[in-house]
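Chemist: One file: coords-v3.cif (mmCIF, C-alpha atoms).
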data_protein
loop_
_atom_site.group_PDB
_atom_site.id
_atom_site.type_symbol
_atom_site.label_atom_id
_atom_site.label_comp_id
_atom_site.auth_asym_id
_atom_site.auth_seq_id
_atom_site.Cartn_x
_atom_site.Cartn_y
_atom_site.Cartn_z
ATOM 1 C CA MET A 16 -8.396 16.360 -7.461
ATOM 2 C CA ARG A 17 -10.806 16.026 -10.315
ATOM 3 C CA PRO A 18 -9.730 17.009 -13.814
ATOM 4 C CA LYS A 19 -11.076 20.398 -14.851
ATOM 5 C CA ARG A 20 -13.429 20.326 -17.762
ATOM 6 C CA LEU A 21 -12.520 23.663 -19.359
ATOM 7 C CA GLU A 22 -13.508 22.358 -22.773
ATOM 8 C CA PRO A 23 -17.004 20.961 -22.191
ATOM 9 C CA LYS A 24 -17.905 18.018 -24.399
ATOM 10 C CA SER A 25 -21.258 19.576 -25.213
ATOM 11 C CA GLY A 26 -19.748 22.948 -26.109
ATOM 12 C CA CYS A 27 -22.118 24.596 -23.630
ATOM 13 C CA ALA A 28 -20.946 26.923 -20.855
ATOM 14 C CA VAL A 29 -23.605 25.461 -18.539
ATOM 15 C CA GLU A 30 -21.624 22.208 -18.501
ATOM 16 C CA LEU A 31 -18.490 24.116 -17.505
ATOM 17 C CA THR A 32 -20.350 25.986 -14.752
ATOM 18 C CA VAL A 33 -21.876 22.805 -13.350
ATOM 19 C CA SER A 34 -18.494 21.046 -13.410
ATOM 20 C CA ILE A 35 -17.058 23.852 -11.260
ATOM 21 C CA ILE A 36 -19.888 24.528 -8.776
ATOM 22 C CA GLY A 37 -21.924 21.344 -9.124
ATOM 23 C CA GLY A 38 -22.330 18.525 -6.680
ATOM 24 C CA VAL A 39 -24.018 18.100 -3.345
ATOM 25 C CA TRP A 40 -21.689 20.137 -1.133
ATOM 26 C CA LYS A 41 -20.102 22.878 -3.262
ATOM 27 C CA PRO A 42 -23.245 25.007 -3.626
ATOM 28 C CA LEU A 43 -23.855 24.747 0.124
ATOM 29 C CA ILE A 44 -20.250 25.675 0.916
ATOM 30 C CA LEU A 45 -20.437 28.686 -1.386
ATOM 31 C CA PHE A 46 -23.819 29.741 -0.023
ATOM 32 C CA HIS A 47 -22.620 29.671 3.576
ATOM 33 C CA LEU A 48 -19.396 31.491 2.767
ATOM 34 C CA LEU A 49 -21.250 34.305 0.999
ATOM 35 C CA GLY A 50 -22.092 35.563 4.493
ATOM 36 C CA GLY A 51 -18.431 35.954 5.420
ATOM 37 C CA LYS A 52 -15.328 34.067 6.493
ATOM 38 C CA LYS A 53 -15.793 30.721 8.199
ATOM 39 C CA ARG A 54 -13.482 28.249 9.840
ATOM 40 C CA PHE A 55 -13.487 24.602 8.806
ATOM 41 C CA MET A 56 -15.453 23.381 11.832
ATOM 42 C CA GLU A 57 -18.058 26.119 11.352
ATOM 43 C CA LEU A 58 -18.643 24.783 7.842
ATOM 44 C CA ALA A 59 -18.695 21.210 9.146
ATOM 45 C CA ARG A 60 -21.441 22.166 11.633
ATOM 46 C CA LEU A 61 -23.435 23.969 8.924
ATOM 47 C CA ILE A 62 -23.178 20.942 6.605
ATOM 48 C CA PRO A 63 -23.360 18.007 9.048
ATOM 49 C CA ASN A 64 -23.962 15.281 6.452
ATOM 50 C CA ALA A 65 -20.688 15.996 4.639
ATOM 51 C CA THR A 66 -17.768 13.998 5.968
ATOM 52 C CA GLN A 67 -14.659 15.944 6.950
ATOM 53 C CA ARG A 68 -12.746 14.300 4.115
ATOM 54 C CA MET A 69 -15.360 15.250 1.516
ATOM 55 C CA LEU A 70 -15.605 18.781 2.887
ATOM 56 C CA THR A 71 -11.807 19.113 2.676
ATOM 57 C CA LEU A 72 -11.765 17.845 -0.925
ATOM 58 C CA GLN A 73 -14.564 20.170 -1.989
ATOM 59 C CA LEU A 74 -12.882 23.168 -0.321
ATOM 60 C CA ARG A 75 -9.613 22.359 -2.102
ATOM 61 C CA GLU A 76 -11.371 22.121 -5.469
ATOM 62 C CA LEU A 77 -13.173 25.430 -4.938
ATOM 63 C CA GLU A 78 -9.865 27.001 -3.935
ATOM 64 C CA SER A 79 -8.048 25.629 -6.997
ATOM 65 C CA ASP A 80 -10.877 26.943 -9.215
ATOM 66 C CA GLY A 81 -10.394 30.441 -7.776
ATOM 67 C CA LEU A 82 -13.674 30.623 -5.868
ATOM 68 C CA LEU A 83 -12.224 30.480 -2.340
ATOM 69 C CA THR A 84 -9.195 31.772 -0.536
ATOM 70 C CA ARG A 85 -7.779 29.968 2.458
ATOM 71 C CA HIS A 86 -6.159 32.039 5.191
ATOM 72 C CA ILE A 87 -3.758 30.121 7.436
ATOM 73 C CA PHE A 88 -2.799 31.662 10.773
ATOM 74 C CA ALA A 89 0.433 30.641 12.500
ATOM 75 C CA GLU A 90 -1.142 29.705 15.817
ATOM 76 C CA VAL A 91 -1.372 26.713 18.069
ATOM 77 C CA PRO A 92 -3.801 25.096 17.456
ATOM 78 C CA PRO A 93 -3.689 25.945 13.750
ATOM 79 C CA LYS A 94 -6.412 28.300 12.547
ATOM 80 C CA VAL A 95 -7.671 28.274 8.958
ATOM 81 C CA GLU A 96 -10.410 30.496 7.561
ATOM 82 C CA TYR A 97 -12.124 30.242 4.197
ATOM 83 C CA GLU A 98 -13.509 33.204 2.291
ATOM 84 C CA VAL A 99 -15.156 33.627 -1.111
ATOM 85 C CA THR A 100 -13.322 35.533 -3.815
ATOM 86 C CA PRO A 101 -14.889 38.298 -5.926
ATOM 87 C CA LEU A 102 -15.410 35.666 -8.619
ATOM 88 C CA ALA A 103 -17.493 33.573 -6.199
ATOM 89 C CA LYS A 104 -19.417 36.662 -5.061
ATOM 90 C CA SER A 105 -20.627 37.002 -8.635
ATOM 91 C CA LEU A 106 -22.469 33.704 -8.040
ATOM 92 C CA ALA A 107 -24.589 35.189 -5.205
ATOM 93 C CA PRO A 108 -27.661 35.823 -7.407
ATOM 94 C CA VAL A 109 -27.426 32.249 -8.712
ATOM 95 C CA MET A 110 -27.231 30.797 -5.183
ATOM 96 C CA LEU A 111 -30.157 32.931 -3.983
ATOM 97 C CA SER A 112 -32.204 31.884 -7.008
ATOM 98 C CA LEU A 113 -31.404 28.216 -6.319
ATOM 99 C CA ARG A 114 -32.572 28.613 -2.712
ATOM 100 C CA ASP A 115 -35.772 30.414 -3.705
ATOM 101 C CA TRP A 116 -36.497 27.918 -6.484
ATOM 102 C CA GLY A 117 -35.993 24.986 -4.099
ATOM 103 C CA GLU A 118 -38.308 26.501 -1.506
ATOM 104 C CA GLY A 119 -40.974 27.106 -4.142
ATOM 105 C CA TYR A 120 -40.582 23.639 -5.633
ATOM 106 C CA ARG A 121 -40.972 22.007 -2.241
ATOM 107 C CA THR A 122 -44.119 23.922 -1.285
ATOM 108 C CA ASP A 123 -45.823 24.554 -4.643
ATOM 109 C CA GLN A 124 -44.950 21.513 -6.748
ATOM 110 C CA GLN A 125 -44.479 18.781 -4.147
ATOM 111 C CA LYS A 126 -47.111 20.185 -1.744
ATOM 112 C CA LEU A 127 -44.754 19.660 1.186
ATOM 113 C CA PRO A 128 -44.598 21.990 4.182
ATOM 114 C CA ALA A 129 -41.908 24.617 4.219
ATOM 115 C CA LEU A 130 -38.655 23.483 5.767
ATOM 116 C CA GLN A 131 -38.393 24.220 9.472
ATOM 117 C CA VAL A 132 -34.634 24.676 9.242
ATOM 118 C CA ASP A 133 -34.246 27.388 6.631
ATOM 119 C CA CYS A 134 -31.002 28.483 5.024
ATOM 120 C CA PRO A 135 -29.481 30.853 7.537
ATOM 121 C CA ARG A 136 -30.340 34.476 6.978
ATOM 122 C CA GLU A 137 -26.762 35.573 7.668
ATOM 123 C CA ALA A 138 -25.450 33.369 4.852
ATOM 124 C CA ALA A 139 -26.696 35.662 2.122
ATOM 125 C CA PRO A 140 -29.203 38.480 1.794
ATOM 126 C CA ARG A 141 -32.694 37.188 1.230
ATOM 127 C CA HIS A 142 -34.247 37.915 -2.136
ATOM 128 C CA LYS A 143 -38.008 38.303 -1.888
ATOM 129 C CA PRO A 144 -39.666 37.329 -5.156
ATOM 130 C CA GLU A 145 -43.263 38.318 -5.821
ATOM 131 C CA LYS A 146 -45.562 35.695 -4.350
ATOM 132 C CA ALA A 147 -47.303 35.019 -7.662
ATOM 133 C CA ALA A 148 -44.060 33.893 -9.279
ATOM 134 C CA SER A 149 -42.558 31.630 -6.603
ATOM 135 C CA VAL A 150 -41.957 28.886 -9.179
ATOM 136 C CA PRO A 151 -42.102 30.225 -12.720
ATOM 137 C CA ALA A 152 -44.003 28.300 -15.312
ATOM 138 C CA ILE A 153 -41.773 26.310 -17.621
ATOM 139 C CA PRO A 154 -41.913 27.885 -21.079
ATOM 140 C CA GLU A 155 -42.692 25.781 -24.089
ATOM 141 C CA PRO A 156 -39.554 24.667 -25.959
ATOM 142 C CA ASP A 157 -40.410 26.873 -28.961
ATOM 143 C CA GLN A 158 -40.459 29.943 -26.654
ATOM 144 C CA ILE A 159 -36.865 29.456 -25.468
ATOM 145 C CA ALA A 160 -34.200 31.282 -27.451
ATOM 146 C CA MET A 161 -31.590 28.593 -28.021
ATOM 147 C CA PRO A 162 -28.224 29.112 -29.690
ATOM 148 C CA VAL A 163 -27.955 27.795 -33.199
ATOM 149 C CA ALA A 164 -25.222 25.213 -33.805
ATOM 150 C CA ASN A 165 -22.714 26.086 -36.512
#
Please express what this file holds, its structure, as structure tokens.

Modeler:
Amino acid sequence: MRPKRLEPKSGCAVELTVSIIGGVWKPLILFHLLGGKKRFMELARLIPNATQRMLTLQLRELESDGLLTRHIFAEVPPKVEYEVTPLAKSLAPVMLSLRDWGEGYRTDQQKLPALQVDCPREAAPRHKPEKAASVPAIPEPDQIAMPVAN
């Protein structure tokens, strides 16, 4: 298990958030579980490039951080289901925004065709942004309200 960074070195809550949900596989795991309970092999099929070991480690970290619950059924063969907690459900708008931003970045900024294999519709409700604002313009640094250091 990785050490939790509850006291970010930068003093910024973004660092804490990224240390909890960051990485290659955690956002995908959370996104897929927003649609409902899934068994381990369902997740493995949805995220084929993640090894079973890495998927197991990431699931354990998300569980220890309070974002997932693991339900174990006393059956043969053993059955385990993963489900997001209410805390993780509060991340749904963030996950949907990440998906929409990525789609817009790919098509608008990189001029690449839209992905043929889209994020599954059952994973989370689709947020339809206005077409004109698919990738928002980056504001100038002087237009961003930044906290003042003490």

Chemist: Compile the contact shell of Pro63 of chain A as a PDB file with C-alpha atoms, in the coordinates of the input: residues with an atom at most 12 Å away, counting all atoms listed in the file, same-chain residues fewer than 6 positions apart removed.

Modeler:
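Below you can see selection00.pdb, which holds the result:
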ATOM      1  CA  TRP A  40     -21.689  20.137  -1.133  1.00  0.00           C
ATOM      2  CA  LEU A  43     -23.855  24.747   0.124  1.00  0.00           C
ATOM      3  CA  ILE A  44     -20.250  25.675   0.916  1.00  0.00           C
ATOM      4  CA  PHE A  55     -13.487  24.602   8.806  1.00  0.00           C
ATOM      5  CA  MET A  56     -15.453  23.381  11.832  1.00  0.00           C
ATOM      6  CA  GLU A  57     -18.058  26.119  11.352  1.00  0.00           C
ATOM      7  CA  MET A  69     -15.360  15.250   1.516  1.00  0.00           C
ATOM      8  CA  LEU A  70     -15.605  18.781   2.887  1.00  0.00           C
TER       9      LEU A  70
END

Chemist: Under the PyMOL selection byres ((chain A and resi 48) around 10), which residues of this model are included? Write them out as a PDB file with C-alpha atoms, in the coordinates of the input.

Modeler:
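In the end it all went to expr.pdb:
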ATOM      1  CA  PRO A  42     -23.245  25.007  -3.626  1.00  0.00           C
ATOM      2  CA  LEU A  43     -23.855  24.747   0.124  1.00  0.00           C
ATOM      3  CA  ILE A  44     -20.250  25.675   0.916  1.00  0.00           C
ATOM      4  CA  LEU A  45     -20.437  28.686  -1.386  1.00  0.00           C
ATOM      5  CA  PHE A  46     -23.819  29.741  -0.023  1.00  0.00           C
ATOM      6  CA  HIS A  47     -22.620  29.671   3.576  1.00  0.00           C
ATOM      7  CA  LEU A  49     -21.250  34.305   0.999  1.00  0.00           C
ATOM      8  CA  GLY A  50     -22.092  35.563   4.493  1.00  0.00           C
ATOM      9  CA  GLY A  51     -18.431  35.954   5.420  1.00  0.00           C
ATOM     10  CA  LYS A  52     -15.328  34.067   6.493  1.00  0.00           C
ATOM     11  CA  LYS A  53     -15.793  30.721   8.199  1.00  0.00           C
ATOM     12  CA  ARG A  54     -13.482  28.249   9.840  1.00  0.00           C
ATOM     13  CA  LEU A  58     -18.643  24.783   7.842  1.00  0.00           C
ATOM     14  CA  LEU A  83     -12.224  30.480  -2.340  1.00  0.00           C
ATOM     15  CA  TYR A  97     -12.124  30.242   4.197  1.00  0.00           C
ATOM     16  CA  GLU A  98     -13.509  33.204   2.291  1.00  0.00           C
ATOM     17  CA  VAL A  99     -15.156  33.627  -1.111  1.00  0.00           C
ATOM     18  CA  THR A 100     -13.322  35.533  -3.815  1.00  0.00           C
ATOM     19  CA  ALA A 103     -17.493  33.573  -6.199  1.00  0.00           C
ATOM     20  CA  LYS A 104     -19.417  36.662  -5.061  1.00  0.00           C
ATOM     21  CA  GLU A 137     -26.762  35.573   7.668  1.00  0.00           C
ATOM     22  CA  ALA A 138     -25.450  33.369   4.852  1.00  0.00           C
ATOM     23  CA  ALA A 139     -26.696  35.662   2.122  1.00  0.00           C
TER      24      ALA A 139
END

Chemist: When the PyMOL selection byres ((chain A and resi 71-75) around 10) is applied to the structure above, which residues does it catch, written out as a list in words?

Modeler: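 Listing what the PyMOL selection byres ((chain A and resi 71-75) around 10) selects in the shown file: Met16, Arg17, Ile36, Gly38, Val39, Trp40, Lys41, Ile44, Leu45, Phe55, Ala59, Ala65, Thr66, Gln67, Arg68, Met69, Leu70, Glu76, Leu77, Glu78, Ser79, Asp80, Gly81, Leu82, Leu83, Thr84, Arg85 and Tyr97 of chain A.
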
Chemist: What's the separation between atom CA of Leu130 of chain A and atom CA of Leu113 of chain A, in Å to one decimal place?

Modeler: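 Computing it gives 14.9 Å between the two atoms.
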